[in-house]
Amino acid sequence: MPELRNPPGTFDVLPSQSSEWQEVLTAFASTVSRAGYGLILTPTFEDVAVFSRIGDTTDVVRKEMYDFVDKGGRHVALRPEVTASVARAFIQHRPATPWKAWYAASNFRFERPQAGRFREFHQVGIEAFGSPDPDLDVEVIALGWEYFASLGIDSVDLLVNSLGDQACRPAYREKLVEHLSARREELCDEHRDRIEANPLRVLDCKREPCRAVSAAAPRQVDNLCADCEAHLHRVEAGLKALSVPFRIDPHLVRGLDYYTRTTFEYAGLSLDSSQNALGGGGRYDGLVAAMGGPDTPAVGFAIGVERTLLALQAGSGSGADAERLDAFVVDFAGGDAARDISARLRAGGFRVDRAFDSRSAKSQFKSADRSGARFALVVGPDEFAAGTVGVKDLSGGVQEPILLADLDSELRRRLDRRTP
C-alpha cells in the first residue's frame with residue numbers, strides 16, 4: 001500500500017510549528033474586535049452560484065474553483081474566497097446595518113503551488129456592510145495597517161486606487177479597450193484575446209509585455225466622476241490624518257470583478273516582488289444587489305496568513321515566542337502530584353504539561369526539554385513527603401525546593417523575572 005500523504009498544494013501545521021499561526025490569528029482578532037467587528041463562520045462549501053457572482057471572467061471562477069455535483073445532485077463549490085460567503089450570509093439573515101464581521105477561514109483554488117501560494121490557503125479578513133462613507137474605507141484600511149504593525153511587520157507598502165463606479169467606469173472602459181486593442185499583438189498570450197471580456201485584467205498582469213502596454217494606458221484615476229473623485233480625496237485625507245503611509249497606484253485593480261471605487265493592497269517589501277501581496281481589498285457596493293439582496297454598500301479586505309508568516313520569517317517581524325509552556329511537571333512519586341499540580345496551575349492561567357504512562361525520571365526530563373517549557377516542576381518521593389516541589393530552570397540552573405502551597409505565586413515571580 002502506498003504511503004498516504006497530504007494532497008499537492010496543501011500542508012500540515014504540526015503542534016511544534018503552530019506558535020506563529022496562533023500569534024497571527026490572535027493578533028488579528030484583538031485588532032479588529034476593538035473596532036466592533038464580530039466573528040463570523042460560514043460553510044466551507046456553498047451553492048456554486050454564490051461564487052459565480054464574483055465574476056465569470058475572473059480566473060478564480062473560470063479555472064481555479066473546485067466545483068462539483070454532490071450526492072444530492074446539488075452543484076456546489078469549495079470556498080475560493082470569503083467575501084461572497086459573508087455577503088450571502090448578510091442577504092440570508094438581514095442583520096441591522098452597519099454590520100461588521102471578521103473571519104479566519106481556509107479557501108481552495110486549483111493553481112500551481114509555489115512559495116506563499118497553495119491550493120488550500122488561509123485568510124483573515126473583515127467586511128463592513130451598510131455605509132458608503134469613505135471614512136469607513138479609511139477605518140478598514142487602517143485596521144489592516146495596524147494589524148501588521150502589531151506583529152512587528154513594518155516593511156509594508158500600502159497601495160491605493162479608485163476603480164470608479166457605474167457612472168464613470170463604462171466610459172473609462174471604452175478608452176482602455178481602444179488603447180489595448182490598438183496594441184493587441186504586444187500583449188501576452190493569455191490576455192491578447194480577452195481584452196473585450198475583461199480589460200482590467202491586463203492592468204493586473206505581471207508579465208513584461210502587458211506591463212509595457214499598461215504603462216501607457218489611460219488611468220481610471222484620471223477619469224473619475226465628481227462623486228468618485230471626492231470619495232477618493234476623503235480616503236486620502238483620512239489616511240494622512242491617521243499617519244498611515246500610502247501611495248496611489250493607478251494600475252491596482254485586484255483580482256475580482258466586484259470592486260468599485262476604493263481598492264487597496266498591502267505589499268510585503270521583504271518578499272519576492274512576484275509574490276509580495278500580503279492582502280488587500282476594497283469597496284464592493286454592488287455585490288449584495290448582484291447576489292439578489294438589497295442595494296447595500298460594503299467594504300472589506302482579506303489578508304493571507306501564509307504570506308504574513310513568510311513576512312515574519314523574512315525578518316521584518318519579531319515572530320512568536322518559541323517557549324510554548326510555562327512549566328512541565330516531572331513526577332516520579334506515583335503520578336498523583338502531576339495530575340493535581342497540572343490541573344491547579346492550568347486553572348490559574350499557567351501553560352503546563354506533564355508526562356504519562358509512569359515513565360522514568362530520565363524520560364520525563366527529556367520530554368520536559370523537548371516541550372520548550374521554561375521550568376520543570378519536580379516531585380519525587382522526598383519532595384512528596386515534605387510537601388514541596390523542586391523548581392528547575394530548563395535553560396540552566398540548579399533545582400530549588402519550594403512549598404507546594406506557594407507554588408502559584410513563586411512560579412509567577414520566576415516567570416516574570418525571566419521575561420524581558
# chains A, B, ... in the order shown; residues from 1 in each chain; ligands from 1

$ select_by_dssp --residues "segment 83-296 of chain A" --states "alpha helix (DSSP H)" --output "PyMOL selection string"
chain A and resi 83-93+134-150+169-182+189-192+200-204+208-215+226-241+287-290

$ closest_residue --among "A:Arg359, A:Arg112, A:Arg307, A:Arg346" --to "Asp331 of chain A" --atoms "only C-alpha atoms"
A:Arg359

$ residues_around --residues "segment 212-217 of chain A" --least-positions-apart "5" --cutoff "12 Å" --atoms "only C-alpha atoms" --output "MDAnalysis selection string"
chainID A and resid 172:188 191:192 199:207 222 249:252

$ residues_around --residues "Pro98 of chain A" --least-positions-apart "3" --cutoff "9 Å" --atoms "only C-alpha atoms" --output "list in words"
Pro95, Ala128, Phe129, Gly130 and Ser131 of chain A

$ closest_residue --among "A:Phe301, A:Phe108, A:Phe375, A:Phe328" --to "Ala355 of chain A" --atoms "only C-alpha atoms"
A:Phe328

$ atom_distance --atom1 "atom CA of Ser371 of chain A" --atom2 "atom CA of Ile341 of chain A"
17.3 Å

$ residues_around --residues "Glu64 of chain A" --least-positions-apart "3" --cutoff "10 Å" --atoms "only C-alpha atoms" --output "list of chain:residue names"
A:Thr58, A:Asp59, A:Val60, A:Val61, A:Asp67, A:Pro80, A:Phe108, A:Arg109, A:Phe110, A:Glu111, A:Arg112, A:Arg119

$ write_last_selection --atoms "C-alpha atoms" --output "JSON list (two decimals), in the first residue's frame"
[["chain", "number", "residue", "atom", "x", "y", "z"],
["A", 58, "THR", "CA", -12.00, 36.01, -13.48],
["A", 59, "ASP", "CA", -9.52, 33.14, -13.28],
["A", 60, "VAL", "CA", -10.92, 32.27, -9.85],
["A", 61, "VAL", "CA", -14.26, 31.27, -11.38],
["A", 67, "ASP", "CA", -16.85, 22.79, -8.02],
["A", 80, "PRO", "CA", -12.37, 30.16, -3.18],
["A", 108, "PHE", "CA", -9.48, 26.49, -2.05],
["A", 109, "ARG", "CA", -8.20, 27.27, -5.55],
["A", 110, "PHE", "CA", -6.67, 24.93, -8.11],
["A", 111, "GLU", "CA", -3.46, 26.67, -9.10],
["A", 112, "ARG", "CA", 0.23, 25.90, -9.34],
["A", 119, "ARG", "CA", -4.40, 25.06, -3.25]]

$ atom_distance --atom1 "atom CA of Val288 of chain A" --atom2 "atom CA of Glu146 of chain A"
27.8 Å

$ closest_residue --among "A:Lys240, A:Arg34, A:Arg219, A:Arg117" --to "Val138 of chain A" --atoms "only C-alpha atoms"
A:Lys240
